[in-house]
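To start, the structure under review is shown below, and the notes come after it.
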Protein chains: 4
Amino acid sequence: NWAGAHPRVAARMAEASSGYAAAYGSSDLDKKVELRFAEIFEREVAVFFVATGTAANSLAMTSASRPGAVAFCHRDAHMVADECGAPEYLSGGTVRMLPVDGPIGRMDLGALRQSVARFNPGSVHGGRPTAVSITQATEVGTVYHLDEIAEIGDLCREKSLTLHMDGARFANALTSLDASPAEMTWKRGVDIVSFGGTKNGCWCAEAVILFDLDRAKDFGFARKRAAQLFSKSRFIAAQFDAYFEDGLWLDSARHANAMSTRLARAFGASNRARLAWEPEANEVFAIMARIDHARLSEAGARFYEWQPPLGFGGELGPDDRLYRFVTSFATTTEDVDRFADLLG
Amino acid sequence: NWAGAHPRVAARMAEASSGYAAAYGSSDLDKKVELRFAEIFEREVAVFFVATGTAANSLAMTSASRPGAVAFCHRDAHMVADECGAPEYLSGGTVRMLPVDGPIGRMDLGALRQSVARFNPGSVHGGRPTAVSITQATEVGTVYHLDEIAEIGDLCREKSLTLHMDGARFANALTSLDASPAEMTWKRGVDIVSFGGTKNGCWCAEAVILFDLDRAKDFGFARKRAAQLFSKSRFIAAQFDAYFEDGLWLDSARHANAMSTRLARAFGASNRARLAWEPEANEVFAIMARIDHARLSEAGARFYEWQPPLGFGGELGPDDRLYRFVTSFATTTEDVDRFADLLG
Amino acid sequence: NWAGAHPRVAARMAEASSGYAAAYGSSDLDKKVELRFAEIFEREVAVFFVATGTAANSLAMTSASRPGAVAFCHRDAHMVADECGAPEYLSGGTVRMLPVDGPIGRMDLGALRQSVARFNPGSVHGGRPTAVSITQATEVGTVYHLDEIAEIGDLCREKSLTLHMDGARFANALTSLDASPAEMTWKRGVDIVSFGGTKNGCWCAEAVILFDLDRAKDFGFARKRAAQLFSKSRFIAAQFDAYFEDGLWLDSARHANAMSTRLARAFGASNRARLAWEPEANEVFAIMARIDHARLSEAGARFYEWQPPLGFGGELGPDDRLYRFVTSFATTTEDVDRFADLLG
Amino acid sequence: NWAGAHPRVAARMAEASSGYAAAYGSSDLDKKVELRFAEIFEREVAVFFVATGTAANSLAMTSASRPGAVAFCHRDAHMVADECGAPEYLSGGTVRMLPVDGPIGRMDLGALRQSVARFNPGSVHGGRPTAVSITQATEVGTVYHLDEIAEIGDLCREKSLTLHMDGARFANALTSLDASPAEMTWKRGVDIVSFGGTKNGCWCAEAVILFDLDRAKDFGFARKRAAQLFSKSRFIAAQFDAYFEDGLWLDSARHANAMSTRLARAFGASNRARLAWEPEANEVFAIMARIDHARLSEAGARFYEWQPPLGFGGELGPDDRLYRFVTSFATTTEDVDRFADLLG
């Protein structure tokens, strides 16, 4: 989120700025991009642009809610940890997010199954499960593998739960798995995707993708009353247009992932720091002494301490801390190598 | 909303796209723009960027609410007529918008006073007044004059109500009145402004301005949980930066208003249509036969029928309809004159 | 609401107080009463006890809501005038109540039709109609006649709207019309009833009746999360049990209505006051000078001034006011006659 | 909740049923009971009757909320485990309940402190702590001791958090601690109490007690819009009137607690079952084989399996289960002794 926009995205926005176009998502460019999403997902989809990933997640949860709704996600998921209660608030108090444990960012299937089973469908006291949300890639740079998604998808079918994917880092997970968008989503049981472009080279390009078109009518009203319908919607469309053109989105993600791999290798070679766990997308977590953090910061590197996730097995010495590094389309090999040199 | 962005706004966004900057509103550019707002309003202000005018209005209403809250606005105000219940929804069901009558877009002060007086502050049954919202310029192209704002401001002080201004067309009203931002707002009793740049040359640039800084702390959390905090916030800041530079915002508004005046003159001169009421900002409302609408549409003019506002005195013949024309920074004198020729 | 409970209701509660019974609505007495409701309505129904009429109305509106929901009721209806925004609040901000005009407490069918028609189902901006609520008997002592209910029912079918009846004074309307519960409700298109016993001799006995059993599952959760599920639910059941036994509810309502008729006659015979409109249930509205109100109050009569409803044709002199009288099971002919004597 | 009402409570309701009285909480009886609460708590208090304990808890949480609010309570607390999301829903989505661990029903102070500390007050992403709720007596029959309450109270003062006590079993805890209401609440830092009479001999008598009278004005509106304002409020007042008279409430609680102690002794003496932990109020938890549960149920004893709380140290054999027994004013020594004989 510290990088700006990719030059090709910025250029497309500039082009789109002249001329008139229909408002509120009905311009030709909006429609072109909607069709592009259908191609990408290999089926008809309903596409709703929104302002933020938090909005996408919250509206997805609202769409999956009924009175007494309980939705399950990982304890560290953005929805419970970093959205100030937006899923609860934007659903009119209808949804409660229930955190589920699991090592290194992914829900443990057994723990999820147990959490769901605790609710007696015949009793109104506890509430009732309505949805599961998985974060792909996770907050800590890991990804759910295709068979893991399929298992969660099966549980959701069995229990009539909506399966949502928070795809703030969708492209990074996709290229990491070398899968198609269809394979990573509806072919494994995913019903709704928060599709994020912002972290991968756009200014502000977030969309909710519904595979079940029956949800779309309510969704349009739900988006509007949540103040998430842009009048000049094509400024989002323009970003996605450039994002998808000639595979820019996949190239950017592959590059960011490669930079993470390169950085991970640097930690592997270092005497002063070590990798906390293997990165699978565009985030690297490493352990080092606070004194080294200070030293590197002074030299111009910018990275932050991170609260160790539950179940993190790495033993932290008394002076050690966990640090997080995020790579993006804008990270260069020179950046990484210079950092590796500084690291020592 | 059919126009794109002003070239200078588009250019500034392109410039801002390269390089790194702090996220979530803490970049240097964000801070520069906040200071600019303080200069413009001639006092310290709290500035919160949001995604849409609807969000600005709804969060303003939320900020002014308490249990049982009732807020007053004109019957045709965007908040009650065109926001799908967002003020009610985004306030967690706390606020009810109560429509007040008044001719040609402005609340009648007597009607407002009477509406407020109907609530007995000692009784919990009816609810309690907490806010008044005025739309400046109004939905139908008129503006509240400074003394009218002052009178409403006095009522609000007397009754301990928050006074909100929906400034989706703030610049158009300002230049129409030839007033300063301070004179049109806090010097007349306005507490909160929804400050809109989108309709006047930006892509997406809306802000809530709080004159009472005590409200700011809660507001930051309220914005976040409403999913209205942009990560790459500086893309809004960049637009406002260009918008304010060298008076672009005022020049654009003056131009749009002048185009409306020119268009109004064309209607005055026409045999086939007539002005519904005098425009005071950048919207013109005219009466013509449906057959003329069809004829002009065929010739390429794009304008739409509008539901006559309450208290509209113009007598509509059986085949007559009311039509709305919106001018903007992008409207040219040639556009207007060509239309005038077509109109006949 | 100033009267206590009918002696037979009080006695049944005292009887029910001993012994153990299942909680949360599953006791034998709860089940007996549910069956009794089915008999009364001549069909299977779902019955949900709640604490207040406001709760019944709000949960009914919630049950009929979808994103962007707009519900229509008379301008003076309890839901908009006297419930402090509960329908909006308890629906999580989902429902907006839109007031419709009509003389003497009843919506005008044409005005209702027009209000509904203003919403374009293809547009998300305005919101969308989801329900109509009629108050039976109305706030001002009139009743919707069976053919009026049927016409509103037809409109609801045509527009796919849920028809709700606020039956806080259900029995008074029923006996006034000499109709069966089925005839006054589902046979005329009513989908949900707020069935009130409190104003007609119970302490606290309110129920939501659903004719569409599909709504029941969600409703159970909606009631619980709205904190309206009583643990010792049978204390409500006991009241209804006595209320329905040997026609107590109908006898009480007939008596209250007869007392209103008797009181109306007293006003007809008076020189110092006159009837505002013909009562059709258990409320009488009369016009008299404030000085007479003072005189009667001093003599011990307790009645209050009432804000004249919209479209009230009676001409009020400068010193005249409108006053409201409510009769109940506990009103005696002696009470009425004594008042008539005092009135003069 | 399976017992009915205490005969003295039932009798007082029957007495109150005749005669007229002001509605909505302004009757003489309502006022008498409010004064009685002030005496009991040895200070001025604001008293709000509501329909259910869930309502009391939810409105208390709402009263303590601000945008982004997070409230802390034990993982097994009624508010998170058994209220179908009511605190979240009835606060308009404003409050999130965050569960805190601790053995046998009580939050561990260290865990609570850590949970609170996780929120960075300067960051809007996570939300912000606003309240702590303790359940007294807890869901599993234990009580917070006075010094434990004081420690939590100190933490709340330090962090500017509202301290709420869910007193659904207030009297049982009070008599167990042999403390005064003042000592167990505001003298230890408690700000709001959900004061429950229903489980201790009333039909339906729940009240919210505010020690900070400044909260009262908003609270009245909040209660009304939550549909929790009874019209014939004195039927609640009548119950509390009898409840407090001659110490009925304390006698009932002492009796229920004594019956639990007696039952605990029976388990101590049994070869076929054992106590799970020492009861401190009116609930006993015991471990026995399912076959014994079946045997006792057949003989007419009614008690249910209970999910073992987190941190429960008792080792359950493969055929063992945890069972819960609740005693009340209506439990007799004969009941307990007969059960003990059956138990063997």
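We label chains A, B, ... in the order they appear in the structure tokens, count residues from 1 in each chain, and number ligands from 1 in the order shown.
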Which residues are near region 9-11 of chain D? Cut-off 6 Å, only C-alpha atoms, ignore same chain within fewer than 6 positions. Put them as a VMD selection string. (chain C and resid 14) or (chain D and resid 239 242)
Applying 12 Å and only C-alpha atoms, which residues near Phe244 (chain C) remain after dropping the ones on its own chain fewer than 6 positions away? List them as a PDB file with C-alpha atoms, in the first residue's frame.
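Output file selection_16.pdb follows:
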ATOM      1  CA  ARG C   8     -59.635 -13.479  34.640  1.00  0.00           C
ATOM      2  CA  VAL C   9     -56.256 -12.809  33.044  1.00  0.00           C
ATOM      3  CA  ARG C  12     -54.795 -17.380  35.175  1.00  0.00           C
ATOM      4  CA  LYS C  32     -51.886 -24.948  23.680  1.00  0.00           C
ATOM      5  CA  VAL C  33     -52.053 -21.234  22.973  1.00  0.00           C
ATOM      6  CA  GLU C  34     -50.339 -21.645  19.632  1.00  0.00           C
ATOM      7  CA  LEU C  35     -53.013 -24.136  18.621  1.00  0.00           C
ATOM      8  CA  ARG C  36     -55.649 -21.728  19.834  1.00  0.00           C
ATOM      9  CA  PHE C  37     -54.292 -19.087  17.484  1.00  0.00           C
ATOM     10  CA  GLU C  39     -58.169 -22.212  15.422  1.00  0.00           C
ATOM     11  CA  ILE C  40     -58.914 -18.527  15.673  1.00  0.00           C
ATOM     12  CA  ALA C 171     -60.164  -7.194  18.811  1.00  0.00           C
ATOM     13  CA  GLY C 197     -53.744  -8.268  23.912  1.00  0.00           C
ATOM     14  CA  ASN C 200     -57.588  -5.160  25.811  1.00  0.00           C
ATOM     15  CA  GLY C 201     -57.147  -6.640  29.262  1.00  0.00           C
ATOM     16  CA  CYS C 202     -53.754  -8.338  29.415  1.00  0.00           C
ATOM     17  CA  ALA C 205     -49.422 -10.107  25.746  1.00  0.00           C
ATOM     18  CA  ALA C 237     -49.225 -17.916  27.244  1.00  0.00           C
ATOM     19  CA  ALA C 238     -51.260 -17.873  30.443  1.00  0.00           C
ATOM     20  CA  LEU C 250     -64.214 -10.350  22.050  1.00  0.00           C
ATOM     21  CA  ASP C 251     -66.485  -9.507  24.961  1.00  0.00           C
ATOM     22  CA  SER C 252     -63.929  -7.056  26.324  1.00  0.00           C
ATOM     23  CA  ALA C 253     -63.527  -5.386  22.941  1.00  0.00           C
TER      24      ALA C 253
END
What are the residues of chain A that have an atom within 7 Å of an atom of chain C, counting only C-alpha atoms, as a ChimeraX atom specification? /A:67-68,92-93,124-125,218,220-222,224-225
Find the residues near region 131-147 of chain B: any atom within 7 Å, counting only C-alpha atoms, skip ones fewer than 4 places away on the same chain, and give them as a list in words.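 In the requested format, the answer is Ala64, Val70, Ala71, Phe72, Cys73, Asp76, Ala77, Ile104, Gly105, Arg106, Glu151, Leu161, Thr162, Leu163, His164, Met165, Asp166, Gly167, Arg169, Phe170, Asn172, Ala173, Met184, Pro279, Glu280, Ala281, Asn282, Glu283 and Val284 of chain B.
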Selected residues written out with N, CA, C and O atoms, as a compact mmCIF listing (two decimals), in the first residue's frame:
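Wrote it out as part_14.txt, contents follow:
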# COMPACT_ATOMS: atom_id res chain seq x y z
N ALA B 64 -23.58 13.04 14.12
CA ALA B 64 -24.50 13.93 14.83
C ALA B 64 -25.62 13.18 15.53
O ALA B 64 -26.57 13.79 16.00
N VAL B 70 -33.47 12.10 15.09
CA VAL B 70 -34.23 12.49 13.90
C VAL B 70 -33.49 13.65 13.27
O VAL B 70 -33.10 14.59 13.98
N ALA B 71 -33.26 13.56 11.95
CA ALA B 71 -32.57 14.65 11.26
C ALA B 71 -33.49 15.19 10.17
O ALA B 71 -34.26 14.42 9.57
N PHE B 72 -33.39 16.47 9.90
CA PHE B 72 -34.31 17.15 9.00
C PHE B 72 -33.60 17.58 7.73
O PHE B 72 -32.50 18.12 7.79
N CYS B 73 -34.24 17.37 6.60
CA CYS B 73 -33.70 17.87 5.35
C CYS B 73 -34.85 18.09 4.38
O CYS B 73 -35.98 17.70 4.66
N ASP B 76 -36.69 16.75 -1.19
CA ASP B 76 -36.02 16.28 -2.40
C ASP B 76 -34.53 16.06 -2.18
O ASP B 76 -33.81 15.75 -3.14
N ALA B 77 -34.06 16.21 -0.96
CA ALA B 77 -32.62 16.11 -0.72
C ALA B 77 -32.12 14.72 -1.11
O ALA B 77 -32.82 13.72 -0.96
N ILE B 104 -38.94 24.72 -4.51
CA ILE B 104 -37.74 24.73 -5.37
C ILE B 104 -36.47 24.37 -4.59
O ILE B 104 -35.47 25.10 -4.59
N GLY B 105 -36.55 23.26 -3.91
CA GLY B 105 -35.34 22.66 -3.36
C GLY B 105 -34.89 23.11 -1.99
O GLY B 105 -34.03 22.47 -1.39
N ARG B 106 -35.41 24.23 -1.50
CA ARG B 106 -34.97 24.74 -0.19
C ARG B 106 -36.05 24.53 0.86
O ARG B 106 -37.22 24.79 0.63
N GLU B 151 -30.18 31.90 9.40
CA GLU B 151 -31.42 31.68 10.14
C GLU B 151 -31.55 30.22 10.57
O GLU B 151 -31.95 29.92 11.69
N LEU B 161 -29.02 21.53 17.73
CA LEU B 161 -28.95 20.61 16.59
C LEU B 161 -27.65 20.84 15.83
O LEU B 161 -27.18 21.98 15.72
N THR B 162 -27.10 19.78 15.28
CA THR B 162 -25.94 19.90 14.41
C THR B 162 -26.41 20.36 13.03
O THR B 162 -27.38 19.83 12.50
N LEU B 163 -25.71 21.33 12.46
CA LEU B 163 -26.07 21.78 11.11
C LEU B 163 -25.05 21.24 10.10
O LEU B 163 -23.86 21.51 10.19
N HIS B 164 -25.58 20.47 9.17
CA HIS B 164 -24.75 19.83 8.14
C HIS B 164 -25.06 20.45 6.79
O HIS B 164 -26.23 20.76 6.50
N MET B 165 -24.02 20.63 5.99
CA MET B 165 -24.22 21.09 4.62
C MET B 165 -23.77 19.99 3.66
O MET B 165 -22.61 19.58 3.70
N ASP B 166 -24.70 19.53 2.84
CA ASP B 166 -24.33 18.60 1.77
C ASP B 166 -23.79 19.42 0.62
O ASP B 166 -24.56 19.98 -0.18
N GLY B 167 -22.48 19.49 0.55
CA GLY B 167 -21.85 20.33 -0.46
C GLY B 167 -21.36 19.54 -1.67
O GLY B 167 -20.24 19.74 -2.12
N ARG B 169 -22.22 20.10 -4.45
CA ARG B 169 -21.98 21.18 -5.43
C ARG B 169 -21.54 22.45 -4.68
O ARG B 169 -22.00 23.55 -4.96
N PHE B 170 -20.63 22.24 -3.74
CA PHE B 170 -20.16 23.32 -2.87
C PHE B 170 -19.60 24.49 -3.68
O PHE B 170 -19.97 25.65 -3.46
N ASN B 172 -20.05 25.34 -6.77
CA ASN B 172 -21.04 26.03 -7.60
C ASN B 172 -21.85 27.00 -6.77
O ASN B 172 -22.18 28.10 -7.21
N ALA B 173 -22.20 26.58 -5.56
CA ALA B 173 -22.96 27.47 -4.68
C ALA B 173 -22.09 28.65 -4.25
O ALA B 173 -22.53 29.81 -4.23
N MET B 184 -19.87 30.94 4.04
CA MET B 184 -21.00 30.09 3.66
C MET B 184 -21.20 28.94 4.65
O MET B 184 -22.17 28.21 4.56
N PRO B 279 -32.00 29.44 -12.77
CA PRO B 279 -30.89 28.65 -12.20
C PRO B 279 -29.99 29.56 -11.37
O PRO B 279 -29.78 30.72 -11.72
N GLU B 280 -29.48 29.00 -10.27
CA GLU B 280 -28.52 29.75 -9.44
C GLU B 280 -27.17 29.05 -9.38
O GLU B 280 -26.25 29.55 -8.75
N ALA B 281 -27.09 27.88 -9.97
CA ALA B 281 -25.80 27.18 -9.95
C ALA B 281 -25.59 26.53 -11.33
O ALA B 281 -25.71 27.21 -12.35
N ASN B 282 -25.32 25.23 -11.36
CA ASN B 282 -24.98 24.60 -12.64
C ASN B 282 -26.05 23.63 -13.13
O ASN B 282 -25.74 22.65 -13.82
N GLU B 283 -27.29 23.87 -12.73
CA GLU B 283 -28.37 23.03 -13.26
C GLU B 283 -29.47 23.92 -13.80
O GLU B 283 -29.83 24.92 -13.17
N VAL B 284 -30.01 23.52 -14.92
CA VAL B 284 -31.11 24.26 -15.54
C VAL B 284 -32.29 23.32 -15.70
O VAL B 284 -32.12 22.17 -16.12
CA of Met259 (chain D) to CA of Asp341 (chain D): how many Å, to one decimal?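 Separation of CA of Met259 (chain D) and CA of Asp341 (chain D): 15.1 Å.
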10 Å contact set for Phe267 (chain D), only C-alpha atoms, chain neighbours under 3 positions out, as a PDB file with N, CA and C atoms, in the first residue's frame:
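Written output follows (selection36.pdb):
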ATOM      1  N   THR D 261     -25.509 -26.474  47.732  1.00  0.00           N
ATOM      2  CA  THR D 261     -24.507 -27.018  48.659  1.00  0.00           C
ATOM      3  C   THR D 261     -24.906 -28.432  49.087  1.00  0.00           C
ATOM      4  N   ARG D 262     -26.163 -28.591  49.390  1.00  0.00           N
ATOM      5  CA  ARG D 262     -26.670 -29.908  49.805  1.00  0.00           C
ATOM      6  C   ARG D 262     -26.497 -30.939  48.688  1.00  0.00           C
ATOM      7  N   LEU D 263     -26.789 -30.483  47.490  1.00  0.00           N
ATOM      8  CA  LEU D 263     -26.647 -31.381  46.346  1.00  0.00           C
ATOM      9  C   LEU D 263     -25.173 -31.719  46.113  1.00  0.00           C
ATOM     10  N   ALA D 264     -24.324 -30.739  46.296  1.00  0.00           N
ATOM     11  CA  ALA D 264     -22.894 -30.967  46.129  1.00  0.00           C
ATOM     12  C   ALA D 264     -22.414 -32.024  47.124  1.00  0.00           C
ATOM     13  N   SER D 270     -21.269 -39.773  46.795  1.00  0.00           N
ATOM     14  CA  SER D 270     -21.706 -40.785  45.820  1.00  0.00           C
ATOM     15  C   SER D 270     -20.538 -41.595  45.269  1.00  0.00           C
ATOM     16  N   ASN D 271     -20.823 -42.827  44.946  1.00  0.00           N
ATOM     17  CA  ASN D 271     -19.840 -43.679  44.269  1.00  0.00           C
ATOM     18  C   ASN D 271     -19.993 -43.625  42.756  1.00  0.00           C
ATOM     19  N   ARG D 272     -21.099 -43.111  42.317  1.00  0.00           N
ATOM     20  CA  ARG D 272     -21.432 -43.190  40.893  1.00  0.00           C
ATOM     21  C   ARG D 272     -21.248 -41.855  40.166  1.00  0.00           C
ATOM     22  N   ALA D 273     -20.966 -40.814  40.911  1.00  0.00           N
ATOM     23  CA  ALA D 273     -20.806 -39.488  40.300  1.00  0.00           C
ATOM     24  C   ALA D 273     -19.875 -38.680  41.167  1.00  0.00           C
ATOM     25  N   ARG D 274     -19.321 -37.629  40.593  1.00  0.00           N
ATOM     26  CA  ARG D 274     -18.487 -36.753  41.433  1.00  0.00           C
ATOM     27  C   ARG D 274     -18.667 -35.295  40.997  1.00  0.00           C
ATOM     28  N   LEU D 275     -18.421 -34.455  41.931  1.00  0.00           N
ATOM     29  CA  LEU D 275     -18.541 -33.022  41.702  1.00  0.00           C
ATOM     30  C   LEU D 275     -17.459 -32.568  40.713  1.00  0.00           C
ATOM     31  N   ALA D 276     -17.844 -31.728  39.747  1.00  0.00           N
ATOM     32  CA  ALA D 276     -16.840 -31.217  38.797  1.00  0.00           C
ATOM     33  C   ALA D 276     -16.015 -30.105  39.425  1.00  0.00           C
ATOM     34  N   VAL D 284     -24.867 -26.607  40.218  1.00  0.00           N
ATOM     35  CA  VAL D 284     -23.938 -27.679  40.558  1.00  0.00           C
ATOM     36  C   VAL D 284     -23.587 -28.409  39.271  1.00  0.00           C
ATOM     37  N   PHE D 285     -22.315 -28.677  39.082  1.00  0.00           N
ATOM     38  CA  PHE D 285     -21.864 -29.431  37.920  1.00  0.00           C
ATOM     39  C   PHE D 285     -21.224 -30.720  38.399  1.00  0.00           C
ATOM     40  N   ALA D 286     -21.676 -31.812  37.828  1.00  0.00           N
ATOM     41  CA  ALA D 286     -21.178 -33.106  38.262  1.00  0.00           C
ATOM     42  C   ALA D 286     -20.833 -33.975  37.072  1.00  0.00           C
ATOM     43  N   ILE D 287     -19.972 -34.938  37.333  1.00  0.00           N
ATOM     44  CA  ILE D 287     -19.534 -35.869  36.293  1.00  0.00           C
ATOM     45  C   ILE D 287     -20.128 -37.231  36.602  1.00  0.00           C
ATOM     46  N   MET D 288     -20.739 -37.806  35.603  1.00  0.00           N
ATOM     47  CA  MET D 288     -21.225 -39.178  35.798  1.00  0.00           C
ATOM     48  C   MET D 288     -21.288 -39.870  34.439  1.00  0.00           C
ATOM     49  N   ALA D 340     -30.516 -37.642  45.819  1.00  0.00           N
ATOM     50  CA  ALA D 340     -29.319 -38.261  46.399  1.00  0.00           C
ATOM     51  C   ALA D 340     -29.517 -39.766  46.583  1.00  0.00           C
ATOM     52  N   LEU D 343     -29.404 -41.371  43.243  1.00  0.00           N
ATOM     53  CA  LEU D 343     -28.042 -41.335  42.713  1.00  0.00           C
ATOM     54  C   LEU D 343     -27.219 -42.518  43.204  1.00  0.00           C
ATOM     55  N   GLY D 344     -27.282 -42.714  44.495  1.00  0.00           N
ATOM     56  CA  GLY D 344     -26.570 -43.860  45.066  1.00  0.00           C
ATOM     57  C   GLY D 344     -25.075 -43.618  45.159  1.00  0.00           C
TER      58      GLY D 344
END
Report the distance between CA of Gly85 (chain C) and CA of Arg96 (chain B) in Å, rounded to one decimal place.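 Rounded to one decimal, the two atoms are 6.8 Å apart.
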All residues 12 Å or closer to Ser233 (chain B), only C-alpha atoms, same chain fewer than 4 positions away omitted, as JSON, numbers by chain: {"A": [1, 2, 3, 4, 5, 51, 52, 198, 203, 204], "B": [13, 16, 17, 21, 22, 23, 24, 25, 26, 27, 28, 29, 30, 31, 33, 48, 49, 50, 51, 204, 205, 206, 207, 228, 229, 237, 238, 239, 240]}
When DSSP is applied to the backbone of this structure, which of region 73-320 of chain A are assigned alpha helix (DSSP H)? Write them out as an MDAnalysis selection string. chainID A and resid 78:81 86:90 109:117 146:159 170:177 181:184 216:225 234:244 248:269 290:298
For CA of Ser160 (chain C) and CA of Pro129 (chain C), quote the distance in Å rounded to one decimal.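 Pair CA of Ser160 (chain C) / CA of Pro129 (chain C) returns 8.6 Å.
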Top pick for closest residue to Asp178 (chain C), considering C:Arg254, C:His78, C:Arg324, C:His293 and counting only C-alpha atoms: C:Arg254
Non-local contacts of Asp335 (chain C) (12 Å; only C-alpha atoms; under 2 positions in same chain excluded) as a ChimeraX atom specification: /C:259-260,262-263,266,300-302,327-328,330-333,337-342
As a PyMOL selection string, please: every residue in region 33-201 of chain A that DSSP puts in strand (DSSP E or B). chain A and resi 46-50+69-74+96-100+128-135+162-167+192-196
Rank nothing, just name the residue among C:Met97, C:Val326, C:Ile192, C:Ile149 nearest to Leu59 (chain C), using only C-alpha atoms.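 For Leu59 (chain C), the nearest of the given residues is C:Ile192.
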